[in-house]
Structures are given as C-alpha cells and as structure tokens.
>>> print(open('target.tsv').read())   # TSV, C-alpha atoms
chain	number	residue	atom	x	y	z
N	60	MET	CA	20.43	20.18	-11.08
N	61	GLU	CA	16.91	21.26	-11.97
N	62	HIS	CA	15.28	19.64	-14.95
N	63	ARG	CA	13.00	22.19	-16.53
N	64	SER	CA	11.90	20.35	-19.64
N	65	TYR	CA	11.20	16.90	-20.93
N	66	GLN	CA	10.86	15.47	-24.40
N	67	SER	CA	9.75	11.87	-24.86
N	68	PRO	CA	12.02	9.65	-26.99
N	69	GLU	CA	9.01	8.99	-29.28
N	70	ASN	CA	8.65	12.76	-29.72
N	71	ASP	CA	4.96	12.60	-28.74
N	72	LEU	CA	5.23	14.54	-25.47
N	73	THR	CA	6.98	17.77	-24.57
N	74	ILE	CA	6.83	19.40	-21.14
N	75	GLU	CA	8.41	22.69	-20.24
N	76	LEU	CA	8.58	24.92	-17.17
N	77	THR	CA	9.68	28.38	-18.20
N	78	GLU	CA	10.11	31.92	-16.89
N	79	SER	CA	9.66	33.29	-20.44
N	80	ASP	CA	6.47	34.13	-22.34
N	81	ILE	CA	4.67	31.03	-23.60
N	82	ASP	CA	4.61	30.74	-27.39
N	83	HIS	CA	1.29	28.91	-27.76
N	84	GLU	CA	1.39	29.09	-31.55
N	85	ALA	CA	4.66	27.17	-31.66
N	86	LEU	CA	3.26	24.71	-29.13
N	87	THR	CA	0.14	24.17	-31.22
N	88	ALA	CA	2.20	23.65	-34.36
N	89	SER	CA	4.35	21.09	-32.54
N	90	VAL	CA	1.40	18.76	-31.86
N	91	ARG	CA	-0.15	18.89	-35.36
N	92	ASP	CA	-0.11	15.49	-37.02
N	93	SER	CA	-1.47	14.23	-40.34
N	94	ALA	CA	-3.01	11.24	-38.53
N	95	CYS	CA	-5.15	13.65	-36.51
N	96	GLY	CA	-8.31	15.55	-37.36
N	97	ALA	CA	-8.32	17.56	-34.16
N	98	VAL	CA	-5.98	19.86	-32.26
N	99	VAL	CA	-7.13	21.41	-28.99
N	100	LEU	CA	-5.26	24.26	-27.33
N	101	PHE	CA	-6.10	25.33	-23.78
N	102	LEU	CA	-4.66	28.49	-22.27
N	103	GLY	CA	-4.91	29.40	-18.60
N	104	THR	CA	-4.47	33.17	-18.24
N	105	VAL	CA	-4.02	35.57	-15.32
N	106	ARG	CA	-7.44	36.80	-14.21
N	107	GLU	CA	-7.96	40.20	-12.61
N	108	PHE	CA	-10.76	39.41	-10.13
N	109	THR	CA	-11.12	36.42	-7.78
N	110	GLN	CA	-14.16	36.44	-5.48
N	111	GLY	CA	-14.27	40.21	-5.54
N	112	ARG	CA	-10.55	40.71	-4.84
N	113	GLN	CA	-8.40	42.41	-7.42
N	114	THR	CA	-5.18	40.82	-8.60
N	115	ASP	CA	-2.27	43.02	-9.56
N	116	SER	CA	0.02	40.19	-10.67
N	117	LEU	CA	0.90	36.58	-9.87
N	118	ALA	CA	4.02	34.59	-9.08
N	119	TYR	CA	4.37	30.85	-9.65
N	120	GLU	CA	6.82	28.48	-7.98
N	121	ALA	CA	7.40	24.78	-8.74
N	122	TYR	CA	9.12	21.73	-7.38
N	123	HIS	CA	10.61	21.36	-10.84
N	124	GLU	CA	11.85	17.78	-10.89
N	125	MET	CA	8.65	16.40	-9.44
N	126	ALA	CA	6.33	18.63	-11.51
N	127	ILE	CA	7.84	17.25	-14.72
N	128	ARG	CA	7.49	13.66	-13.50
N	129	GLU	CA	3.94	14.22	-12.32
N	130	LEU	CA	2.97	15.77	-15.68
N	131	GLN	CA	4.44	12.73	-17.47
N	132	ARG	CA	2.39	10.46	-15.20
N	133	LEU	CA	-0.83	12.41	-15.92
N	134	VAL	CA	-0.30	12.24	-19.68
N	135	ALA	CA	0.25	8.46	-19.42
N	136	GLU	CA	-2.95	8.27	-17.38
N	137	ALA	CA	-4.89	10.29	-20.00
N	138	ARG	CA	-3.61	8.02	-22.76
N	139	LYS	CA	-5.28	5.03	-21.07
N	140	SER	CA	-8.64	6.69	-21.79
N	141	TRP	CA	-8.13	8.65	-25.01
N	142	PRO	CA	-5.93	8.19	-28.09
N	143	LEU	CA	-3.84	11.35	-27.67
N	144	LYS	CA	-1.30	11.44	-30.50
N	145	ARG	CA	0.90	14.33	-29.40
N	146	VAL	CA	0.78	16.37	-26.22
N	147	GLY	CA	2.61	19.58	-25.35
N	148	ILE	CA	2.39	21.25	-21.93
N	149	VAL	CA	4.13	24.49	-20.91
N	150	HIS	CA	3.74	26.06	-17.47
N	151	ARG	CA	5.02	29.53	-16.74
N	152	LEU	CA	6.92	30.25	-13.51
N	153	GLY	CA	8.05	33.45	-11.85
N	154	HIS	CA	6.23	36.77	-12.17
N	155	LEU	CA	3.17	37.17	-14.45
N	156	GLU	CA	1.09	40.22	-15.32
N	157	LEU	CA	-2.68	40.30	-15.89
N	158	GLY	CA	-3.77	38.52	-19.05
N	159	GLU	CA	-0.51	36.62	-19.52
N	160	THR	CA	-0.56	32.89	-20.18
N	161	ALA	CA	0.20	30.77	-17.10
N	162	ILE	CA	-0.30	27.40	-18.77
N	163	ALA	CA	-0.75	26.10	-22.31
N	164	ILE	CA	-1.84	22.56	-23.15
N	165	ALA	CA	-1.95	21.41	-26.77
N	166	VAL	CA	-3.27	17.99	-27.73
N	167	SER	CA	-3.84	16.25	-31.05
N	168	SER	CA	-6.11	13.26	-31.59
N	169	PRO	CA	-7.84	11.62	-34.56
N	170	HIS	CA	-11.23	13.03	-33.45
N	171	ARG	CA	-12.35	16.12	-31.56
N	172	ALA	CA	-14.26	14.47	-28.69
N	173	GLU	CA	-11.11	12.69	-27.50
N	174	ALA	CA	-8.98	15.80	-27.91
N	175	PHE	CA	-11.42	17.90	-25.85
N	176	ALA	CA	-11.85	15.24	-23.15
N	177	GLY	CA	-8.14	14.53	-22.85
N	178	THR	CA	-7.30	18.22	-22.57
N	179	GLN	CA	-9.95	18.81	-19.92
N	180	PHE	CA	-8.75	15.79	-17.92
N	181	LEU	CA	-5.15	17.01	-18.04
N	182	MET	CA	-6.05	20.53	-16.91
N	183	ASP	CA	-8.31	19.27	-14.09
N	184	GLU	CA	-5.68	16.84	-12.81
N	185	ILE	CA	-2.84	19.37	-13.05
N	186	LYS	CA	-4.77	21.56	-10.61
N	187	LYS	CA	-4.96	18.67	-8.13
N	188	THR	CA	-1.55	17.03	-8.08
N	189	VAL	CA	1.24	18.84	-9.92
N	190	PRO	CA	3.53	20.59	-7.40
N	191	ILE	CA	3.20	24.13	-8.69
N	192	TRP	CA	1.97	27.02	-6.54
N	193	LYS	CA	0.48	30.42	-7.25
N	194	GLN	CA	1.05	33.52	-5.17
N	195	GLU	CA	-1.50	36.30	-5.51
N	196	HIS	CA	-0.16	39.84	-5.48
N	197	TRP	CA	-3.34	41.70	-4.61
N	198	SER	CA	-4.01	45.28	-5.67
N	199	ASP	CA	-3.94	46.36	-1.99
N	200	GLY	CA	-0.23	45.48	-1.86
N	201	THR	CA	-0.56	42.23	0.11
N	202	THR	CA	0.60	38.84	-1.13
N	203	GLU	CA	-0.93	35.43	-0.48
N	204	TRP	CA	0.06	31.88	-1.45
N	205	VAL	CA	-2.91	29.93	-2.77
N	206	HIS	CA	-3.18	26.63	-0.85
N	207	PRO	CA	-6.77	25.33	-0.93
N	208	GLY	CA	-7.53	23.72	2.45
N	209	PHE	CA	-4.73	25.40	4.41
N	210	PRO	CA	-5.57	27.22	7.67
N	211	LYS	CA	-6.19	30.93	7.01
N	212	GLN	CA	-3.49	33.21	8.33
U	128	MET	CA	27.59	19.61	2.23
U	129	ALA	CA	24.91	17.08	3.19
U	130	SER	CA	26.08	14.05	5.09
U	131	THR	CA	25.04	10.78	3.46
U	132	ALA	CA	23.51	9.71	6.81
U	133	ASN	CA	21.04	12.56	6.42
U	134	ILE	CA	17.78	13.00	4.62
U	135	THR	CA	16.95	16.30	2.95
U	136	VAL	CA	13.58	17.87	3.72
U	137	ARG	CA	12.23	20.47	1.29
U	138	PHE	CA	9.54	23.10	1.81
U	139	PHE	CA	7.68	25.09	-0.83
U	140	ALA	CA	5.54	28.22	-1.18
U	141	GLN	CA	3.87	29.27	2.09
U	142	LEU	CA	5.54	26.43	4.00
U	143	LYS	CA	8.90	27.71	2.85
U	144	ASP	CA	8.00	31.22	4.02
U	145	LEU	CA	6.77	29.91	7.38
U	146	ALA	CA	9.76	27.62	7.92
U	147	GLY	CA	12.12	30.41	6.91
U	148	THR	CA	14.02	27.99	4.68
U	149	GLY	CA	13.41	25.86	1.61
U	150	GLU	CA	15.54	23.00	2.82
U	151	THR	CA	16.77	21.34	5.99
U	152	GLN	CA	18.56	18.12	6.94
U	153	LEU	CA	17.48	15.44	9.39
U	154	LEU	CA	19.55	12.58	10.69
U	155	CYS	CA	18.15	9.40	9.20
U	156	GLN	CA	17.29	6.80	11.81
U	157	GLN	CA	17.04	3.09	11.22
U	158	ALA	CA	13.71	1.91	9.75
U	159	MET	CA	12.47	5.51	9.73
U	160	ARG	CA	9.11	6.17	8.11
U	161	VAL	CA	7.70	9.27	6.44
U	162	ALA	CA	5.27	9.86	9.34
U	163	GLU	CA	8.25	10.10	11.69
U	164	VAL	CA	9.94	12.63	9.44
U	165	LYS	CA	6.73	14.67	9.57
U	166	GLU	CA	6.60	14.43	13.36
U	167	GLN	CA	10.24	15.41	13.72
U	168	ILE	CA	9.63	18.47	11.57
U	169	ALA	CA	6.58	19.35	13.68
U	170	VAL	CA	8.76	19.21	16.80
U	171	GLU	CA	11.51	21.29	15.24
U	172	TYR	CA	9.09	23.81	13.67
U	173	PRO	CA	6.06	23.71	16.04
U	174	TRP	CA	4.35	26.62	14.28
U	175	LEU	CA	4.07	24.47	11.12
U	176	ARG	CA	1.99	21.83	12.91
U	177	PRO	CA	-1.49	23.25	12.04
U	178	TYR	CA	-0.52	23.17	8.35
U	179	LEU	CA	0.98	19.70	8.24
U	180	LYS	CA	-2.42	17.98	8.27
U	181	SER	CA	-3.07	19.35	4.76
U	182	VAL	CA	0.41	18.61	3.42
U	183	PHE	CA	1.23	15.73	1.08
U	184	ILE	CA	4.64	14.13	1.21
U	185	ALA	CA	6.79	13.07	-1.72
U	186	ARG	CA	9.82	10.80	-1.41
U	187	ASN	CA	12.39	11.38	-4.15
U	188	GLY	CA	9.82	13.11	-6.37
U	189	SER	CA	6.85	10.73	-6.01
U	190	TYR	CA	3.87	11.03	-3.67
U	191	CYS	CA	4.04	8.53	-0.82
U	192	SER	CA	2.21	7.54	2.37
U	193	GLY	CA	3.17	7.96	6.01
U	194	GLU	CA	4.12	4.29	6.09
U	195	THR	CA	6.78	4.67	3.40
U	196	GLU	CA	10.26	3.92	4.67
U	197	VAL	CA	12.95	6.54	4.21
U	198	ASN	CA	16.61	5.88	3.61
U	199	ALA	CA	19.73	7.96	4.05
U	200	GLY	CA	20.17	10.27	1.07
U	201	ASP	CA	16.42	10.53	0.36
U	202	GLU	CA	14.74	13.81	-0.47
U	203	ILE	CA	11.46	14.22	1.42
U	204	ALA	CA	9.35	17.08	0.08
U	205	PHE	CA	6.50	18.69	2.01
U	206	ILE	CA	3.90	19.55	-0.66
U	207	PRO	CA	1.30	22.12	0.42
U	208	PRO	CA	-2.02	22.10	-1.50
U	209	VAL	CA	-1.14	22.88	-5.12
U	210	SER	CA	-2.48	25.77	-7.20
U	211	GLY	CA	-0.86	25.58	-10.62
U	212	GLY	CA	-2.57	26.18	-13.94
>>> encode(input="target.tsv", output="structure tokens")
Amino acid sequence: MEHRSYQSPENDLTIELTESDIDHEALTASVRDSACGAVVLFLGTVREFTQGRQTDSLAYEAYHEMAIRELQRLVAEARKSWPLKRVGIVHRLGHLELGETAIAIAVSSPHRAEAFAGTQFLMDEIKKTVPIWKQEHWSDGTTEWVHPGFPKQ
Amino acid sequence: MASTANITVRFFAQLKDLAGTGETQLLCQQAMRVAEVKEQIAVEYPWLRPYLKSVFIARNGSYCSGETEVNAGDEIAFIPPVSGG
C-alpha cells in the first residue's frame, strides 16, 4: 500500500505526493495562522532550458513511503532552527509540461526572516535526500533520468 | 508471493530501467549486512556495478550504512542520486 499523503496529528504539517495539478493557493491558505506575521510560498516550476538543452516535458517518480518519511524528518530538522508554525509541502509526480509546478512549499512563522530561511533550508535539503527523481524529456525526443554523480551513459 | 525468508530489493528511476525490474528478491542469509546485499546485486546484475558506488541504500524506508544488518522480510531500496524539486 502506497502512502501518498501525511497530515500531522497537531495539524501543523501536511505532505502530499500527487499526479494532479498543485493548488498552491489552497496550500498557502492552509498554513496561514493568526500567530504568524509571515507566510512564504516557494514554487519549483518546469524550466525550458538546462545548460543549453531544451526540455519538452518532465516526468517525476518517487519512492513514496520513504519520500513522505524523509520530508517529515526534514521538517522536524528545520524546526530545530526556526519557529515554523505550519508547513505544507506538495510534490507533483508523473508527467509535467513546461511551466507547471513540480513542488510547492508553504511555511508560516511569526517573522519573515525565519519563514524565508526555513523554506530555503527545506528546498535545499529536499534536493539532496528525498527519494524523488526527475526524467528529462528533451526536445530532440530523447529521455534522460537526472542522477547527479552517476556515470554518463 | 514473497517468502518470509527473503528480502525485497527495490530499484528506482535509471536503476530500474537498467535492471529491467523495479523489484527483486534475495534469500536472506544469517547475519547479512547491507554491503553484502549490494555485492550480491552486483553479481546478479554486473552491468549495474559502475552505478552502485553512487547509490545510497535505505532499509525499510530509512537511509542506512553498509554495516547495517538486514533481516528476513526487510525492504532494501537502492536509491540513485535524487533530483526532486
């Protein structure tokens, strides 16, 4: 059984892996809190050009169960450094067209510096450890999994 | 149906394409460690060997080291360098 979403019992963290469009407005609304003076929303979107190569579309794959656990661990880690009141993270899987949202992170905190720093930390760490992979579908018709550090084929 | 004396090995992304499967079973040996699972996979799928140096291993959904002991029924995932976000 694949677990594709998580909601903390305290209702201060939601995580979702989805093959549907990401509703970042709903996500942002879900982290708003009257104790907070700051809400930061980060969107990662599908870019057309990477080092001169043209992307036609992308596909994302995840090790679902572990990705959710790893995201929970990263949020707990972030909360050791910054007072993040509510956090919402949604990652898209499957096929994505140019410009579509691949990831949305929404964070609320009493003050903006913590909200910015916590969001940046989460995004940077997600790119290092969360078991999700991107496959480029280049405009020349070839496909390529993105695995930094792997031998080139 | 997986035997309970087995461990399940999972592959993802390019590793899955190269292995030709997302999942395989190994017979769990006594006092087996993650490094031995990796070596057994390298013997069974020799063409994966150049990639395995850059692969992290997770046992039952958490990153682990080569020294970690594996038990029958465990899920050992081969995690190629990630690229989410």
>>> atom_distance(input="target.tsv", atom1="atom CA of N:Asp199", atom2="atom CA of N:Lys211")
18.0 Å
>>> closest_residue(input="target.tsv", among="U:Phe205, U:Tyr190, U:Tyr172, U:Tyr178", to="chain N", atoms="only C-alpha atoms")
U:Tyr178
>>> residues_around(input="target.tsv", residues="stretch 153-159 of chain U", least_positions_apart="2", cutoff="10 Å", atoms="only C-alpha atoms", output="PDB file with C-alpha atoms, in the coordinates of the input")
ATOM      1  CA  ALA U 129      24.910  17.080   3.190  1.00  0.00           C
ATOM      2  CA  SER U 130      26.080  14.050   5.090  1.00  0.00           C
ATOM      3  CA  THR U 131      25.040  10.780   3.460  1.00  0.00           C
ATOM      4  CA  ALA U 132      23.510   9.710   6.810  1.00  0.00           C
ATOM      5  CA  ASN U 133      21.040  12.560   6.420  1.00  0.00           C
ATOM      6  CA  ILE U 134      17.780  13.000   4.620  1.00  0.00           C
ATOM      7  CA  THR U 135      16.950  16.300   2.950  1.00  0.00           C
ATOM      8  CA  VAL U 136      13.580  17.870   3.720  1.00  0.00           C
ATOM      9  CA  THR U 151      16.770  21.340   5.990  1.00  0.00           C
ATOM     10  CA  VAL U 161       7.700   9.270   6.440  1.00  0.00           C
ATOM     11  CA  ALA U 162       5.270   9.860   9.340  1.00  0.00           C
ATOM     12  CA  GLU U 163       8.250  10.100  11.690  1.00  0.00           C
ATOM     13  CA  VAL U 164       9.940  12.630   9.440  1.00  0.00           C
ATOM     14  CA  GLN U 167      10.240  15.410  13.720  1.00  0.00           C
ATOM     15  CA  ILE U 168       9.630  18.470  11.570  1.00  0.00           C
ATOM     16  CA  GLU U 194       4.120   4.290   6.090  1.00  0.00           C
ATOM     17  CA  THR U 195       6.780   4.670   3.400  1.00  0.00           C
ATOM     18  CA  GLU U 196      10.260   3.920   4.670  1.00  0.00           C
ATOM     19  CA  VAL U 197      12.950   6.540   4.210  1.00  0.00           C
ATOM     20  CA  ASN U 198      16.610   5.880   3.610  1.00  0.00           C
ATOM     21  CA  ALA U 199      19.730   7.960   4.050  1.00  0.00           C
ATOM     22  CA  GLY U 200      20.170  10.270   1.070  1.00  0.00           C
ATOM     23  CA  ASP U 201      16.420  10.530   0.360  1.00  0.00           C
TER      24      ASP U 201
END
>>> atom_distance(input="target.tsv", atom1="atom CA of N:Ala121", atom2="atom CA of U:Pro207")
11.3 Å
>>> residues_around(input="target.tsv", residues="N:Ser79", least_positions_apart="5", cutoff="10 Å", atoms="all atoms listed in the file", output="mmCIF file with C-alpha atoms, in the coordinates of the input")
data_model
loop_
_atom_site.group_PDB
_atom_site.id
_atom_site.type_symbol
_atom_site.label_atom_id
_atom_site.label_comp_id
_atom_site.auth_asym_id
_atom_site.auth_seq_id
_atom_site.Cartn_x
_atom_site.Cartn_y
_atom_site.Cartn_z
ATOM 1 C CA HIS N 150 3.740 26.060 -17.470
ATOM 2 C CA ARG N 151 5.020 29.530 -16.740
ATOM 3 C CA LEU N 152 6.920 30.250 -13.510
ATOM 4 C CA GLY N 153 8.050 33.450 -11.850
ATOM 5 C CA HIS N 154 6.230 36.770 -12.170
ATOM 6 C CA LEU N 155 3.170 37.170 -14.450
#
>>> atom_distance(input="target.tsv", atom1="atom CA of N:Ala94", atom2="atom CA of N:Val146")
13.9 Å
>>> interface_residues(input="target.tsv", of="chain U", to="chain N", cutoff="9 Å", atoms="only C-alpha atoms", output="number ranges by chain")
U: 139-141, 177-182, 185, 187-189, 204, 206-212
>>> closest_residue(input="target.tsv", among="N:Gly177, N:Gly200, N:Pro169, N:Gly147", to="N:Asp82", atoms="only C-alpha atoms")
N:Gly147
>>> decode(input="target.tsv", residues="stretch 142-182 of chain N", atoms="N, CA and C atoms", output="mmCIF file, in the first residue's frame")
data_model
loop_
_atom_site.group_PDB
_atom_site.id
_atom_site.type_symbol
_atom_site.label_atom_id
_atom_site.label_comp_id
_atom_site.auth_asym_id
_atom_site.auth_seq_id
_atom_site.Cartn_x
_atom_site.Cartn_y
_atom_site.Cartn_z
ATOM 1 N N PRO N 142 11.293 28.776 14.180
ATOM 2 C CA PRO N 142 9.937 28.508 14.703
ATOM 3 C C PRO N 142 8.901 28.474 13.566
ATOM 4 N N LEU N 143 8.835 27.349 12.868
ATOM 5 C CA LEU N 143 7.890 27.231 11.757
ATOM 6 C C LEU N 143 6.553 26.747 12.315
ATOM 7 N N LYS N 144 5.535 27.596 12.195
ATOM 8 C CA LYS N 144 4.230 27.282 12.785
ATOM 9 C C LYS N 144 3.529 26.179 12.001
ATOM 10 N N ARG N 145 3.298 26.438 10.731
ATOM 11 C CA ARG N 145 2.642 25.429 9.880
ATOM 12 C C ARG N 145 3.453 25.257 8.595
ATOM 13 N N VAL N 146 3.539 24.036 8.140
ATOM 14 C CA VAL N 146 4.275 23.740 6.915
ATOM 15 C C VAL N 146 3.406 22.864 6.016
ATOM 16 N N GLY N 147 3.386 23.185 4.744
ATOM 17 C CA GLY N 147 2.691 22.359 3.753
ATOM 18 C C GLY N 147 3.623 22.121 2.565
ATOM 19 N N ILE N 148 3.789 20.860 2.185
ATOM 20 C CA ILE N 148 4.663 20.524 1.057
ATOM 21 C C ILE N 148 3.896 19.604 0.106
ATOM 22 N N VAL N 149 3.858 19.979 -1.173
ATOM 23 C CA VAL N 149 3.234 19.122 -2.186
ATOM 24 C C VAL N 149 4.235 18.914 -3.312
ATOM 25 N N HIS N 150 4.497 17.666 -3.666
ATOM 26 C CA HIS N 150 5.360 17.374 -4.810
ATOM 27 C C HIS N 150 4.542 16.664 -5.871
ATOM 28 N N ARG N 151 4.694 17.128 -7.080
ATOM 29 C CA ARG N 151 3.983 16.531 -8.211
ATOM 30 C C ARG N 151 4.765 15.323 -8.722
ATOM 31 N N LEU N 152 4.052 14.302 -9.157
ATOM 32 C CA LEU N 152 4.661 13.126 -9.781
ATOM 33 C C LEU N 152 4.007 12.896 -11.139
ATOM 34 N N GLY N 153 4.633 12.021 -11.931
ATOM 35 C CA GLY N 153 4.085 11.732 -13.252
ATOM 36 C C GLY N 153 4.578 12.746 -14.267
ATOM 37 N N HIS N 154 3.741 13.003 -15.277
ATOM 38 C CA HIS N 154 4.150 13.814 -16.422
ATOM 39 C C HIS N 154 3.815 15.290 -16.221
ATOM 40 N N LEU N 155 4.793 16.176 -16.466
ATOM 41 C CA LEU N 155 4.585 17.629 -16.308
ATOM 42 C C LEU N 155 5.011 18.386 -17.566
ATOM 43 N N GLU N 156 4.217 19.368 -17.917
ATOM 44 C CA GLU N 156 4.537 20.226 -19.067
ATOM 45 C C GLU N 156 5.330 21.449 -18.599
ATOM 46 N N LEU N 157 5.938 22.148 -19.560
ATOM 47 C CA LEU N 157 6.697 23.359 -19.258
ATOM 48 C C LEU N 157 5.855 24.337 -18.439
ATOM 49 N N GLY N 158 6.490 24.935 -17.434
ATOM 50 C CA GLY N 158 5.820 25.965 -16.645
ATOM 51 C C GLY N 158 4.964 25.427 -15.514
ATOM 52 N N GLU N 159 4.675 24.131 -15.522
ATOM 53 C CA GLU N 159 3.840 23.588 -14.449
ATOM 54 C C GLU N 159 4.617 23.518 -13.137
ATOM 55 N N THR N 160 3.880 23.472 -12.040
ATOM 56 C CA THR N 160 4.500 23.443 -10.718
ATOM 57 C C THR N 160 4.877 22.014 -10.338
ATOM 58 N N ALA N 161 6.190 21.811 -10.057
ATOM 59 C CA ALA N 161 6.666 20.485 -9.656
ATOM 60 C C ALA N 161 6.625 20.338 -8.143
ATOM 61 N N ILE N 162 6.897 21.459 -7.437
ATOM 62 C CA ILE N 162 6.852 21.408 -5.979
ATOM 63 C C ILE N 162 6.350 22.739 -5.436
ATOM 64 N N ALA N 163 5.586 22.657 -4.360
ATOM 65 C CA ALA N 163 5.152 23.865 -3.640
ATOM 66 C C ALA N 163 5.442 23.646 -2.160
ATOM 67 N N ILE N 164 6.076 24.655 -1.557
ATOM 68 C CA ILE N 164 6.342 24.633 -0.115
ATOM 69 C C ILE N 164 5.758 25.909 0.469
ATOM 70 N N ALA N 165 4.885 25.759 1.444
ATOM 71 C CA ALA N 165 4.315 26.924 2.127
ATOM 72 C C ALA N 165 4.640 26.824 3.614
ATOM 73 N N VAL N 166 5.103 27.930 4.162
ATOM 74 C CA VAL N 166 5.558 27.959 5.557
ATOM 75 C C VAL N 166 5.024 29.218 6.226
ATOM 76 N N SER N 167 4.543 29.090 7.464
ATOM 77 C CA SER N 167 4.204 30.294 8.227
ATOM 78 C C SER N 167 5.070 30.344 9.480
ATOM 79 N N SER N 168 5.387 31.579 9.880
ATOM 80 C CA SER N 168 6.246 31.807 11.034
ATOM 81 C C SER N 168 5.922 33.198 11.581
ATOM 82 N N PRO N 169 6.206 33.447 12.868
ATOM 83 C CA PRO N 169 5.901 34.772 13.402
ATOM 84 C C PRO N 169 6.565 35.909 12.618
ATOM 85 N N HIS N 170 7.804 35.679 12.141
ATOM 86 C CA HIS N 170 8.547 36.741 11.449
ATOM 87 C C HIS N 170 9.123 36.251 10.124
ATOM 88 N N ARG N 171 9.348 37.201 9.200
ATOM 89 C CA ARG N 171 9.691 36.802 7.836
ATOM 90 C C ARG N 171 11.058 36.144 7.703
ATOM 91 N N ALA N 172 12.053 36.572 8.481
ATOM 92 C CA ALA N 172 13.404 36.017 8.311
ATOM 93 C C ALA N 172 13.396 34.501 8.527
ATOM 94 N N GLU N 173 12.652 34.060 9.559
ATOM 95 C CA GLU N 173 12.571 32.633 9.858
ATOM 96 C C GLU N 173 11.795 31.891 8.764
ATOM 97 N N ALA N 174 10.752 32.523 8.270
ATOM 98 C CA ALA N 174 9.944 31.872 7.230
ATOM 99 C C ALA N 174 10.774 31.688 5.951
ATOM 100 N N PHE N 175 11.520 32.752 5.566
ATOM 101 C CA PHE N 175 12.390 32.637 4.382
ATOM 102 C C PHE N 175 13.455 31.565 4.595
ATOM 103 N N ALA N 176 14.146 31.626 5.739
ATOM 104 C CA ALA N 176 15.269 30.712 5.989
ATOM 105 C C ALA N 176 14.795 29.266 6.051
ATOM 106 N N GLY N 177 13.673 29.046 6.730
ATOM 107 C CA GLY N 177 13.153 27.685 6.849
ATOM 108 C C GLY N 177 12.749 27.116 5.498
ATOM 109 N N THR N 178 12.135 27.952 4.677
ATOM 110 C CA THR N 178 11.699 27.499 3.352
ATOM 111 C C THR N 178 12.911 27.159 2.485
ATOM 112 N N GLN N 179 13.916 28.027 2.525
ATOM 113 C CA GLN N 179 15.126 27.767 1.729
ATOM 114 C C GLN N 179 15.805 26.480 2.182
ATOM 115 N N PHE N 180 15.914 26.285 3.497
ATOM 116 C CA PHE N 180 16.520 25.062 4.032
ATOM 117 C C PHE N 180 15.760 23.835 3.517
ATOM 118 N N LEU N 181 14.440 23.875 3.635
ATOM 119 C CA LEU N 181 13.641 22.725 3.199
ATOM 120 C C LEU N 181 13.879 22.411 1.729
ATOM 121 N N MET N 182 13.829 23.444 0.889
ATOM 122 C CA MET N 182 14.003 23.211 -0.552
ATOM 123 C C MET N 182 15.392 22.656 -0.851
#
